[in-house]
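Source file: structure_39.pdb; contents: PDB, C-alpha atoms and all ligand atoms.
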ATOM      1  CA  MET A   1     -58.189  13.738-114.904
ATOM      2  CA  PHE A   2     -54.431  13.082-114.542
ATOM      3  CA  MET A   3     -53.409  13.868-118.100
ATOM      4  CA  LEU A   4     -49.684  13.658-117.351
ATOM      5  CA  LYS A   5     -49.532  10.852-114.799
ATOM      6  CA  GLY A   6     -45.969   9.558-114.351
ATOM      7  CA  LYS A   7     -44.432  12.106-116.738
ATOM      8  CA  VAL A   8     -41.484  14.299-115.762
ATOM      9  CA  ALA A   9     -41.465  17.983-116.697
ATOM     10  CA  ILE A  10     -38.711  20.582-116.458
ATOM     11  CA  VAL A  11     -39.991  24.150-116.073
ATOM     12  CA  THR A  12     -37.464  27.002-116.173
ATOM     13  CA  GLY A  13     -38.055  30.225-114.258
ATOM     14  CA  ALA A  14     -40.640  28.519-112.070
ATOM     15  CA  SER A  15     -40.063  30.285-108.748
ATOM     16  CA  ARG A  16     -42.768  32.839-109.551
ATOM     17  CA  GLY A  17     -45.229  34.182-112.112
ATOM     18  CA  ILE A  18     -46.132  32.190-115.189
ATOM     19  CA  GLY A  19     -43.477  29.501-114.577
ATOM     20  CA  LYS A  20     -44.829  28.835-111.090
ATOM     21  CA  ALA A  21     -48.376  28.509-112.460
ATOM     22  CA  ILE A  22     -47.118  26.098-115.147
ATOM     23  CA  ALA A  23     -45.253  23.919-112.617
ATOM     24  CA  ILE A  24     -48.344  23.743-110.390
ATOM     25  CA  LYS A  25     -50.685  23.027-113.314
ATOM     26  CA  LEU A  26     -48.507  20.174-114.622
ATOM     27  CA  ALA A  27     -48.158  18.742-111.097
ATOM     28  CA  GLN A  28     -51.945  18.956-110.577
ATOM     29  CA  ASN A  29     -52.227  16.799-113.657
ATOM     30  CA  GLY A  30     -49.888  14.111-112.362
ATOM     31  CA  ALA A  31     -46.461  15.214-113.632
ATOM     32  CA  ASN A  32     -43.339  15.158-111.473
ATOM     33  CA  VAL A  33     -41.672  18.543-111.817
ATOM     34  CA  ALA A  34     -38.091  19.792-111.837
ATOM     35  CA  ILE A  35     -38.149  23.514-111.195
ATOM     36  CA  ILE A  36     -35.309  25.700-112.409
ATOM     37  CA  TYR A  37     -34.815  29.111-110.799
ATOM     38  CA  SER A  38     -32.073  31.727-110.997
ATOM     39  CA  SER A  39     -31.663  33.238-107.531
ATOM     40  CA  ASN A  40     -34.647  33.198-105.164
ATOM     41  CA  SER A  41     -34.184  29.885-103.291
ATOM     42  CA  GLU A  42     -36.877  30.805-100.771
ATOM     43  CA  ALA A  43     -39.539  31.324-103.458
ATOM     44  CA  ALA A  44     -38.499  28.154-105.312
ATOM     45  CA  LYS A  45     -38.716  26.166-102.073
ATOM     46  CA  GLU A  46     -42.230  27.511-101.464
ATOM     47  CA  VAL A  47     -43.336  26.246-104.884
ATOM     48  CA  VAL A  48     -41.789  22.832-104.240
ATOM     49  CA  ASP A  49     -43.341  22.618-100.735
ATOM     50  CA  PHE A  50     -46.762  23.640-102.084
ATOM     51  CA  ILE A  51     -46.650  20.990-104.823
ATOM     52  CA  GLN A  52     -45.457  18.260-102.452
ATOM     53  CA  GLU A  53     -48.080  19.145 -99.854
ATOM     54  CA  LYS A  54     -51.042  19.318-102.219
ATOM     55  CA  MET A  55     -50.191  16.855-104.981
ATOM     56  CA  ASN A  56     -48.891  13.344-104.871
ATOM     57  CA  VAL A  57     -45.896  13.948-107.171
ATOM     58  CA  LYS A  58     -42.170  14.564-106.900
ATOM     59  CA  ALA A  59     -40.927  18.172-107.066
ATOM     60  CA  VAL A  60     -37.334  19.412-106.774
ATOM     61  CA  ALA A  61     -35.880  22.906-107.301
ATOM     62  CA  TYR A  62     -32.529  23.470-109.045
ATOM     63  CA  GLN A  63     -30.618  26.742-109.131
ATOM     64  CA  CYS A  64     -29.319  27.361-112.640
ATOM     65  CA  ASP A  65     -28.726  30.336-114.916
ATOM     66  CA  VAL A  66     -30.306  29.238-118.202
ATOM     67  CA  SER A  67     -27.978  31.515-120.170
ATOM     68  CA  ASP A  68     -24.970  29.463-118.973
ATOM     69  CA  PHE A  69     -24.248  26.555-121.339
ATOM     70  CA  LYS A  70     -22.230  24.536-118.793
ATOM     71  CA  GLN A  71     -24.704  25.019-115.933
ATOM     72  CA  THR A  72     -27.661  23.970-118.093
ATOM     73  CA  LYS A  73     -25.811  20.818-119.244
ATOM     74  CA  GLU A  74     -25.065  19.883-115.637
ATOM     75  CA  VAL A  75     -28.593  20.574-114.432
ATOM     76  CA  PHE A  76     -30.142  18.508-117.226
ATOM     77  CA  GLU A  77     -27.872  15.544-116.403
ATOM     78  CA  THR A  78     -28.658  15.867-112.681
ATOM     79  CA  ILE A  79     -32.412  15.945-113.347
ATOM     80  CA  ILE A  80     -32.213  12.799-115.509
ATOM     81  CA  LYS A  81     -30.276  11.053-112.712
ATOM     82  CA  GLU A  82     -32.656  12.141-109.952
ATOM     83  CA  PHE A  83     -35.961  11.720-111.818
ATOM     84  CA  GLY A  84     -34.995   8.805-114.084
ATOM     85  CA  GLN A  85     -36.541  10.429-117.170
ATOM     86  CA  VAL A  86     -37.661  13.695-118.735
ATOM     87  CA  ASP A  87     -40.739  13.917-120.988
ATOM     88  CA  ILE A  88     -41.570  17.623-121.145
ATOM     89  CA  LEU A  89     -39.343  20.696-121.326
ATOM     90  CA  VAL A  90     -40.952  24.094-120.728
ATOM     91  CA  ASN A  91     -38.655  27.024-121.483
ATOM     92  CA  ASN A  92     -40.295  29.842-119.568
ATOM     93  CA  ALA A  93     -37.438  31.812-117.933
ATOM     94  CA  GLY A  94     -37.226  35.330-119.296
ATOM     95  CA  ILE A  95     -36.274  38.903-118.500
ATOM     96  CA  THR A  96     -37.016  42.403-119.779
ATOM     97  CA  LYS A  97     -34.690  45.392-119.931
ATOM     98  CA  ASP A  98     -36.981  47.989-121.494
ATOM     99  CA  LYS A  99     -35.401  51.029-123.135
ATOM    100  CA  LEU A 100     -35.958  53.000-126.319
ATOM    101  CA  ILE A 101     -33.250  52.287-128.883
ATOM    102  CA  LEU A 102     -31.845  55.797-128.370
ATOM    103  CA  THR A 103     -30.945  55.028-124.759
ATOM    104  CA  MET A 104     -30.512  51.248-124.883
ATOM    105  CA  LYS A 105     -27.063  50.032-123.918
ATOM    106  CA  GLU A 106     -25.296  47.183-125.669
ATOM    107  CA  GLU A 107     -25.501  45.076-122.499
ATOM    108  CA  ASP A 108     -29.308  45.599-122.295
ATOM    109  CA  PHE A 109     -29.607  43.978-125.706
ATOM    110  CA  ASP A 110     -27.085  41.216-125.029
ATOM    111  CA  LYS A 111     -28.615  40.236-121.682
ATOM    112  CA  CYS A 112     -32.118  39.787-123.155
ATOM    113  CA  VAL A 113     -30.778  37.633-125.971
ATOM    114  CA  GLU A 114     -28.560  35.598-123.610
ATOM    115  CA  VAL A 115     -31.389  34.711-121.212
ATOM    116  CA  ASN A 116     -34.469  34.689-123.458
ATOM    117  CA  LEU A 117     -33.029  33.115-126.614
ATOM    118  CA  LYS A 118     -29.681  31.484-125.793
ATOM    119  CA  GLY A 119     -31.280  30.092-122.603
ATOM    120  CA  VAL A 120     -33.904  28.294-124.710
ATOM    121  CA  PHE A 121     -31.216  27.037-127.100
ATOM    122  CA  ASN A 122     -29.135  25.728-124.165
ATOM    123  CA  MET A 123     -31.992  23.718-122.677
ATOM    124  CA  ILE A 124     -33.063  22.322-126.068
ATOM    125  CA  LYS A 125     -29.456  21.513-126.986
ATOM    126  CA  HIS A 126     -28.885  19.443-123.834
ATOM    127  CA  SER A 127     -32.223  17.640-123.981
ATOM    128  CA  SER A 128     -32.482  16.944-127.725
ATOM    129  CA  ASN A 129     -30.003  14.020-127.784
ATOM    130  CA  TYR A 130     -31.898  12.439-124.930
ATOM    131  CA  PHE A 131     -35.313  12.989-126.563
ATOM    132  CA  VAL A 132     -34.015  11.617-129.887
ATOM    133  CA  LYS A 133     -32.779   8.425-128.188
ATOM    134  CA  ARG A 134     -36.143   8.011-126.446
ATOM    135  CA  LYS A 135     -38.032   8.816-129.667
ATOM    136  CA  GLU A 136     -40.328  10.997-127.604
ATOM    137  CA  GLY A 137     -40.394  14.513-126.205
ATOM    138  CA  ARG A 138     -42.399  17.686-125.793
ATOM    139  CA  ILE A 139     -40.751  21.084-125.964
ATOM    140  CA  ILE A 140     -42.818  24.168-125.150
ATOM    141  CA  ASN A 141     -41.248  27.612-125.380
ATOM    142  CA  ILE A 142     -42.731  30.777-123.931
ATOM    143  CA  SER A 143     -42.368  33.588-126.462
ATOM    144  CA  SER A 144     -44.559  36.703-126.457
ATOM    145  CA  VAL A 145     -47.158  38.468-128.613
ATOM    146  CA  SER A 146     -44.714  41.341-128.707
ATOM    147  CA  ALA A 147     -42.646  39.152-131.057
ATOM    148  CA  LEU A 148     -45.610  39.163-133.467
ATOM    149  CA  MET A 149     -46.526  42.836-133.139
ATOM    150  CA  GLY A 150     -43.360  44.684-132.129
ATOM    151  CA  THR A 151     -43.333  46.923-129.058
ATOM    152  CA  ALA A 152     -41.756  50.342-128.732
ATOM    153  CA  GLY A 153     -39.232  50.324-125.901
ATOM    154  CA  GLN A 154     -38.620  46.584-126.091
ATOM    155  CA  SER A 155     -36.514  46.037-129.219
ATOM    156  CA  ASN A 156     -34.091  43.840-127.227
ATOM    157  CA  TYR A 157     -36.815  41.700-125.627
ATOM    158  CA  VAL A 158     -38.856  41.479-128.829
ATOM    159  CA  SER A 159     -35.826  40.429-130.888
ATOM    160  CA  SER A 160     -35.079  37.638-128.421
ATOM    161  CA  LYS A 161     -38.715  36.473-128.339
ATOM    162  CA  ALA A 162     -38.960  36.555-132.158
ATOM    163  CA  GLY A 163     -35.805  34.429-132.164
ATOM    164  CA  VAL A 164     -37.608  31.908-129.953
ATOM    165  CA  ILE A 165     -40.337  31.600-132.599
ATOM    166  CA  GLY A 166     -37.768  30.881-135.321
ATOM    167  CA  LEU A 167     -35.991  28.401-133.073
ATOM    168  CA  THR A 168     -39.295  26.675-132.275
ATOM    169  CA  LYS A 169     -40.220  26.215-135.944
ATOM    170  CA  SER A 170     -36.745  24.961-136.912
ATOM    171  CA  ILE A 171     -36.550  22.454-134.052
ATOM    172  CA  ALA A 172     -40.074  21.242-134.914
ATOM    173  CA  ARG A 173     -38.886  20.500-138.451
ATOM    174  CA  GLU A 174     -35.606  18.898-137.334
ATOM    175  CA  LEU A 175     -36.988  16.624-134.630
ATOM    176  CA  GLY A 176     -40.502  15.873-135.858
ATOM    177  CA  SER A 177     -39.501  12.532-137.389
ATOM    178  CA  ARG A 178     -38.357  11.398-133.909
ATOM    179  CA  ASN A 179     -41.783  11.975-132.378
ATOM    180  CA  ILE A 180     -40.660  15.169-130.682
ATOM    181  CA  THR A 181     -42.950  18.193-130.854
ATOM    182  CA  CYS A 182     -41.787  21.761-130.356
ATOM    183  CA  ASN A 183     -44.330  24.550-129.956
ATOM    184  CA  ALA A 184     -44.420  28.054-128.543
ATOM    185  CA  ILE A 185     -46.924  30.095-126.627
ATOM    186  CA  ALA A 186     -47.170  33.821-127.177
ATOM    187  CA  PRO A 187     -48.730  35.357-124.070
ATOM    188  CA  GLY A 188     -50.218  38.834-124.191
ATOM    189  CA  PHE A 189     -50.431  41.004-121.087
ATOM    190  CA  ILE A 190     -50.277  38.625-118.101
ATOM    191  CA  GLU A 191     -50.397  40.016-114.550
ATOM    192  CA  THR A 192     -47.095  39.017-112.891
ATOM    193  CA  ASP A 193     -44.106  40.712-111.216
ATOM    194  CA  MET A 194     -42.703  41.316-114.710
ATOM    195  CA  THR A 195     -45.657  43.508-115.688
ATOM    196  CA  SER A 196     -46.286  45.009-112.228
ATOM    197  CA  VAL A 197     -43.704  47.713-113.003
ATOM    198  CA  LEU A 198     -45.902  49.188-115.749
ATOM    199  CA  SER A 199     -47.859  52.337-114.935
ATOM    200  CA  GLU A 200     -51.630  52.253-114.415
ATOM    201  CA  SER A 201     -52.104  54.344-117.561
ATOM    202  CA  LYS A 202     -50.050  51.856-119.618
ATOM    203  CA  LYS A 203     -52.133  48.956-118.204
ATOM    204  CA  GLU A 204     -55.315  50.880-119.057
ATOM    205  CA  GLU A 205     -54.023  51.392-122.583
ATOM    206  CA  TYR A 206     -53.376  47.627-122.964
ATOM    207  CA  LEU A 207     -56.794  46.824-121.484
ATOM    208  CA  ASN A 208     -58.516  49.020-124.045
ATOM    209  CA  SER A 209     -56.869  47.105-126.890
ATOM    210  CA  ILE A 210     -57.731  43.622-125.567
ATOM    211  CA  PRO A 211     -60.961  42.297-127.163
ATOM    212  CA  LEU A 212     -61.706  40.103-124.111
ATOM    213  CA  LYS A 213     -61.398  43.224-121.899
ATOM    214  CA  ARG A 214     -59.309  41.687-119.142
ATOM    215  CA  LEU A 215     -55.626  41.215-118.433
ATOM    216  CA  GLY A 216     -54.406  37.611-118.516
ATOM    217  CA  ALA A 217     -53.633  35.448-115.485
ATOM    218  CA  PRO A 218     -50.608  33.096-115.252
ATOM    219  CA  GLU A 219     -53.078  30.201-115.222
ATOM    220  CA  ASP A 220     -54.328  31.166-118.699
ATOM    221  CA  VAL A 221     -50.831  30.422-120.021
ATOM    222  CA  ALA A 222     -50.448  27.311-117.845
ATOM    223  CA  ASN A 223     -53.655  25.862-119.358
ATOM    224  CA  ALA A 224     -52.205  26.159-122.864
ATOM    225  CA  VAL A 225     -48.953  24.530-121.717
ATOM    226  CA  LEU A 226     -50.904  21.626-120.222
ATOM    227  CA  PHE A 227     -52.718  21.150-123.529
ATOM    228  CA  LEU A 228     -49.485  21.163-125.546
ATOM    229  CA  ALA A 229     -47.841  18.747-123.090
ATOM    230  CA  SER A 230     -50.783  16.340-123.189
ATOM    231  CA  ASP A 231     -51.671  13.550-125.628
ATOM    232  CA  MET A 232     -54.387  15.830-127.010
ATOM    233  CA  ALA A 233     -51.682  17.845-128.794
ATOM    234  CA  SER A 234     -49.704  14.935-130.246
ATOM    235  CA  TYR A 235     -50.254  16.110-133.866
ATOM    236  CA  ILE A 236     -49.376  19.749-133.229
ATOM    237  CA  THR A 237     -45.826  20.956-133.843
ATOM    238  CA  GLY A 238     -44.150  24.195-134.913
ATOM    239  CA  GLU A 239     -47.253  26.086-133.790
ATOM    240  CA  ILE A 240     -47.355  29.432-132.001
ATOM    241  CA  ILE A 241     -50.434  29.707-129.788
ATOM    242  CA  ARG A 242     -51.428  33.199-128.711
ATOM    243  CA  VAL A 243     -52.816  33.437-125.176
ATOM    244  CA  ASP A 244     -53.539  37.129-125.279
ATOM    245  CA  GLY A 245     -57.274  37.852-125.011
ATOM    246  CA  GLY A 246     -57.131  38.752-128.691
ATOM    247  CA  ILE A 247     -54.706  41.699-128.477
ATOM    248  CA  ALA A 248     -52.678  40.505-131.486
ATOM    249  CA  ILE A 249     -55.577  39.446-133.736
TER     250      ILE A 249
HETATM  251  P1  LIG B   1     -41.291  36.888-113.962
HETATM  252  O1  LIG B   1     -40.254  37.953-114.005
HETATM  253  O2  LIG B   1     -42.347  36.964-112.922
HETATM  254  O3  LIG B   1     -40.599  35.444-113.887
HETATM  255  C1  LIG B   1     -39.512  35.124-114.679
HETATM  256  C2  LIG B   1     -38.834  33.904-114.115
HETATM  257  O4  LIG B   1     -37.661  33.626-114.888
HETATM  258  C3  LIG B   1     -38.376  34.107-112.681
HETATM  259  O5  LIG B   1     -38.658  32.938-111.939
HETATM  260  C4  LIG B   1     -36.872  34.303-112.810
HETATM  261  O6  LIG B   1     -36.154  33.868-111.674
HETATM  262  C5  LIG B   1     -36.564  33.423-114.004
HETATM  263  N1  LIG B   1     -35.300  33.776-114.643
HETATM  264  C6  LIG B   1     -34.920  34.998-115.097
HETATM  265  N2  LIG B   1     -33.666  34.928-115.569
HETATM  266  C7  LIG B   1     -33.252  33.645-115.434
HETATM  267  C8  LIG B   1     -32.056  32.952-115.729
HETATM  268  N3  LIG B   1     -31.007  33.572-116.282
HETATM  269  N4  LIG B   1     -31.966  31.634-115.432
HETATM  270  C9  LIG B   1     -33.016  30.979-114.866
HETATM  271  N5  LIG B   1     -34.179  31.579-114.556
HETATM  272  C10 LIG B   1     -34.284  32.899-114.834
HETATM  273  O7  LIG B   1     -41.929  36.855-115.424
HETATM  274  P2  LIG B   1     -43.295  36.225-115.987
HETATM  275  O8  LIG B   1     -44.203  37.359-116.244
HETATM  276  O9  LIG B   1     -43.755  35.101-115.132
HETATM  277  O10 LIG B   1     -42.787  35.693-117.405
HETATM  278  C11 LIG B   1     -42.502  34.343-117.671
HETATM  279  C12 LIG B   1     -42.208  34.195-119.152
HETATM  280  O11 LIG B   1     -43.340  34.642-119.903
HETATM  281  C13 LIG B   1     -41.021  35.045-119.615
HETATM  282  O12 LIG B   1     -40.308  34.357-120.616
HETATM  283  C14 LIG B   1     -41.701  36.255-120.222
HETATM  284  O13 LIG B   1     -40.905  36.892-121.172
HETATM  285  C15 LIG B   1     -42.934  35.624-120.826
HETATM  286  N6  LIG B   1     -44.026  36.560-121.052
HETATM  287  C16 LIG B   1     -44.610  37.245-120.026
HETATM  288  C17 LIG B   1     -45.645  38.124-120.286
HETATM  289  C18 LIG B   1     -46.345  38.892-119.195
HETATM  290  O14 LIG B   1     -47.200  39.715-119.516
HETATM  291  N7  LIG B   1     -46.055  38.667-117.919
HETATM  292  C19 LIG B   1     -46.069  38.327-121.597
HETATM  293  C20 LIG B   1     -45.459  37.631-122.632
HETATM  294  C21 LIG B   1     -44.439  36.745-122.342
END
Rewrite the coordinates I just gave you, this time as C-alpha cells.
Amino acid sequence: MFMLKGKVAIVTGASRGIGKAIAIKLAQNGANVAIIYSSNSEAAKEVVDFIQEKMNVKAVAYQCDVSDFKQTKEVFETIIKEFGQVDILVNNAGITKDKLILTMKEEDFDKCVEVNLKGVFNMIKHSSNYFVKRKEGRIINISSVSALMGTAGQSNYVSSKAGVIGLTKSIARELGSRNITCNAIAPGFIETDMTSVLSESKKEEYLNSIPLKRLGAPEDVANAVLFLASDMASYITGEIIRVDGGIAI
C-alpha cells in the first residue's frame, strides 16, 4: 500500500493543479514532500496542511522561482538539510503564454523557455551531483502532448516542452549507470486553472478528438508519476508516457 514509505519527494509548482495532485498522491503513498511554489503562499499552505492532517508524513512548502538558478540551488540545499535526503524530483512547474507567431512577443517566448525548460534544467543540475553520490534517484519531468503534436498558438510553450523531452532522454543516458532514472510524462488536456481559460468550443473540439471521450483529471497524471517514482518502474528510463486519453495516438 505505501509504495514510497520513507522516501522524500520534491514537487515543483505544487500549490495547485497537477502539481498539487502529485504531491498529495505521493504523500498518500508514504512519501514526505517538499512543495515548491512561485507566489501563492496561501494555496501552498493549504496543500501542506491537507497533507499533514490526512497523512502521516512530513510536508513543507518553499517559495522559489524555478527559472532562477541561484534560488533553485538554495532551495535544494535547504530541502536536503531539513528532510535529510531527497529520492524523487518531480519537475511540474510550468506556464503558458499563448499567442500566434505573428503577434508573439520576444518576452512571451523567453518566459516560457525560462520557466518550462530552464526551470527543469536548474532543478536537475542542483540535484544530479547529490543523486550521483547516493547512486540513486528518480527524476520525473512533466512535458506535454503538444510537444509531440505541435499546437497552433503555442509555439513558445511547445518549444519549451519539446526541449524537456530532449533533456529527459539525455539525462537518462548520462545518469543511467548511477542508478538514476529520468522519465517524462506528456499530459493531454487536463482540467486545471491552466486550461480553464480555454473557451467551451475549444474544449468541445479537444473532447471530440480524444478517443476516451473525457478530459483528463490531475489525478490521472499523478497516478503515472506514482508509478514512475515507485520500484515498479526501476527498469524504465528515458521514456515519455502519454497521459492523454489517446489524443496523440
Ligand atoms: P497550473 O497553472 O494550474 O499550475 C502550474 C503551477 O506551476 C502553479 O503552482 C504555479 O505556481 C507553478 N509555477 C509557475 N511558474 C513557476 C515558477 N517560475 N517557479 C515555480 N513555480 C511556478 O498548471 P497545471 O495545469 O497544473 O500544469 C502543471 C504542469 O503540467 C505544467 O508544466 C503544464 O505545462 C503541464 N501540462 C498541463 C496540461 C493541462 O492540460 N493542464 C497539459 C499538458 C501539460
task: Run the PyMOL selection byres (((chain A and resi 131-147) around 6) and not hetatm) against the file shown and list the residues it catches, as a list in words.
output: Asp87, Ile88, Leu89, Val90, Asn91, Asn92, Ser128, Asn129, Tyr130, Leu148, Met149, Gly150, Thr151, Val158, Lys161, Ala162, Arg178, Asn179, Ile180, Thr181, Cys182, Asn183, Ala184, Ile185, Ala186, Pro187 and Gly188 of chain A
Generate the output file for the selected residues, C-alpha atoms, as a short mmCIF file (atom, residue, chain, number, x, y, z; two decimals), keeping the file's coordinate frame.
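Output (again.cif):
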data_model
loop_
_atom_site.label_atom_id
_atom_site.label_comp_id
_atom_site.auth_asym_id
_atom_site.auth_seq_id
_atom_site.Cartn_x
_atom_site.Cartn_y
_atom_site.Cartn_z
CA ASP A 87 -40.74 13.92 -120.99
CA ILE A 88 -41.57 17.62 -121.14
CA LEU A 89 -39.34 20.70 -121.33
CA VAL A 90 -40.95 24.09 -120.73
CA ASN A 91 -38.66 27.02 -121.48
CA ASN A 92 -40.30 29.84 -119.57
CA SER A 128 -32.48 16.94 -127.72
CA ASN A 129 -30.00 14.02 -127.78
CA TYR A 130 -31.90 12.44 -124.93
CA LEU A 148 -45.61 39.16 -133.47
CA MET A 149 -46.53 42.84 -133.14
CA GLY A 150 -43.36 44.68 -132.13
CA THR A 151 -43.33 46.92 -129.06
CA VAL A 158 -38.86 41.48 -128.83
CA LYS A 161 -38.72 36.47 -128.34
CA ALA A 162 -38.96 36.56 -132.16
CA ARG A 178 -38.36 11.40 -133.91
CA ASN A 179 -41.78 11.98 -132.38
CA ILE A 180 -40.66 15.17 -130.68
CA THR A 181 -42.95 18.19 -130.85
CA CYS A 182 -41.79 21.76 -130.36
CA ASN A 183 -44.33 24.55 -129.96
CA ALA A 184 -44.42 28.05 -128.54
CA ILE A 185 -46.92 30.10 -126.63
CA ALA A 186 -47.17 33.82 -127.18
CA PRO A 187 -48.73 35.36 -124.07
CA GLY A 188 -50.22 38.83 -124.19
#
- request: Rank nothing, just name the residue among A:Glu204, A:Glu174, A:Asp68, A:Glu106 nearest to ligand LIG 1 (chain B), using all atoms listed in the file.
  value: A:Asp68
Selection result for the PyMOL selection byres (((chain A and resi 7) around 12) and not hetatm) on this file, as a PyMOL selection string: chain A and resi 2-6+8-10+26-34+57-59+83-89+136-138+229-231
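Taken over the whole file, the PyMOL selection byres (((chain A and resi 111) around 10) and not hetatm) covers exactly A:Ser67, A:Ile95, A:Thr96, A:Lys97, A:Glu106, A:Glu107, A:Asp108, A:Phe109, A:Asp110, A:Cys112, A:Val113, A:Glu114, A:Val115, A:Asn116, A:Leu117, A:Lys118, A:Asn156, A:Tyr157, A:Ser160.
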Output C-alpha atoms of each residue in that selection to a file, as a CSV table (one decimal), in the frame of the given file.
chain,number,residue,atom,x,y,z
A,67,SER,CA,-28.0,31.5,-120.2
A,95,ILE,CA,-36.3,38.9,-118.5
A,96,THR,CA,-37.0,42.4,-119.8
A,97,LYS,CA,-34.7,45.4,-119.9
A,106,GLU,CA,-25.3,47.2,-125.7
A,107,GLU,CA,-25.5,45.1,-122.5
A,108,ASP,CA,-29.3,45.6,-122.3
A,109,PHE,CA,-29.6,44.0,-125.7
A,110,ASP,CA,-27.1,41.2,-125.0
A,112,CYS,CA,-32.1,39.8,-123.2
A,113,VAL,CA,-30.8,37.6,-126.0
A,114,GLU,CA,-28.6,35.6,-123.6
A,115,VAL,CA,-31.4,34.7,-121.2
A,116,ASN,CA,-34.5,34.7,-123.5
A,117,LEU,CA,-33.0,33.1,-126.6
A,118,LYS,CA,-29.7,31.5,-125.8
A,156,ASN,CA,-34.1,43.8,-127.2
A,157,TYR,CA,-36.8,41.7,-125.6
A,160,SER,CA,-35.1,37.6,-128.4
- request: Could you pull out the residues sitting within 6 Å of ligand LIG 1 (chain B), using only C-alpha atoms and all ligand atoms, and write them as a count of residues only?
  value: 31
- line: If you count all atoms listed in the file, the residue of A:Ile247, A:Ile124, A:Ile22, A:Leu167 closest to Glu205 in chain A turns out to be A:Ile247
field: Separation of CA of Lys25 in chain A from CA of Leu175 in chain A in Å
entry: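 According to the coordinates, CA of Leu175 in chain A and CA of Lys25 in chain A are separated by 26.1 Å.
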task: Have a look at A:Ala172, A:Val60, A:Phe69, A:Thr103 and name the one nearest to Glu46 in chain A; count all atoms listed in the file.
output: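 Nearest to Glu46 in chain A: A:Val60.
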message: Between CA of Lys99 in chain A and CA of Leu198 in chain A, what is the distance in Å, rounded to a tenth?
response: 13.0 Å
What are the centre and edge lengths in Å, to one decimal, of the axis-aligned box around all listed atoms of range 45-56 of chain A with 4 Å added on each side, as lines of an AutoDock Vina configuration file?
center_x = -44.9
center_y = 20.4
center_z = -102.4
size_x = 20.3
size_y = 22.2
size_z = 13.1
field: Minimum-distance residue to Leu207 in chain A, chosen among A:Asp244, A:Asp220, A:Asp49, A:Glu239 (using only C-alpha atoms)
entry: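 For Leu207 in chain A, the nearest of the candidates is A:Asp244.
Going from CA of Glu42 in chain A to CA of Val75 in chain A covers 19.0 Å.
Nearest to Ser170 in chain A of all the residues A:Phe227, A:Phe76, A:Tyr235, A:Phe121 is A:Phe121, based on all atoms listed in the file.
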Residue with smallest distance to Lys73 in chain A - pool A:Gln154, A:Ser127, A:Asn56, A:Ser39, counting all atoms listed in the file: A:Ser127
Just add all heavy atoms to range 118-122 of chain A and send it as a compact mmCIF listing (two decimals), in the frame of the given file.
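The result, written out as part.txt:
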# COMPACT_ATOMS: atom_id res chain seq x y z
N LYS A 118 -30.76 32.47 -125.99
CA LYS A 118 -29.68 31.48 -125.79
C LYS A 118 -30.09 30.49 -124.69
O LYS A 118 -29.77 29.30 -124.78
CB LYS A 118 -28.39 32.22 -125.43
CG LYS A 118 -27.20 31.33 -125.10
CD LYS A 118 -26.49 30.85 -126.33
CE LYS A 118 -25.35 29.86 -126.06
NZ LYS A 118 -24.42 30.25 -125.03
N GLY A 119 -30.82 30.97 -123.68
CA GLY A 119 -31.28 30.09 -122.60
C GLY A 119 -32.16 28.97 -123.14
O GLY A 119 -32.05 27.82 -122.72
N VAL A 120 -33.02 29.31 -124.10
CA VAL A 120 -33.90 28.29 -124.71
C VAL A 120 -33.06 27.33 -125.55
O VAL A 120 -33.24 26.11 -125.49
CB VAL A 120 -35.01 28.97 -125.56
CG1 VAL A 120 -35.88 27.92 -126.24
CG2 VAL A 120 -35.86 29.88 -124.68
N PHE A 121 -32.13 27.89 -126.32
CA PHE A 121 -31.22 27.04 -127.10
C PHE A 121 -30.47 26.07 -126.17
O PHE A 121 -30.40 24.86 -126.45
CB PHE A 121 -30.20 27.91 -127.87
CG PHE A 121 -29.01 27.12 -128.34
CD1 PHE A 121 -29.09 26.33 -129.48
CD2 PHE A 121 -27.80 27.16 -127.63
CE1 PHE A 121 -27.99 25.57 -129.90
CE2 PHE A 121 -26.70 26.40 -128.04
CZ PHE A 121 -26.80 25.61 -129.18
N ASN A 122 -29.91 26.58 -125.08
CA ASN A 122 -29.14 25.73 -124.16
C ASN A 122 -29.95 24.53 -123.69
O ASN A 122 -29.49 23.39 -123.74
CB ASN A 122 -28.68 26.53 -122.93
CG ASN A 122 -27.55 27.49 -123.24
OD1 ASN A 122 -26.87 27.35 -124.25
ND2 ASN A 122 -27.35 28.47 -122.37
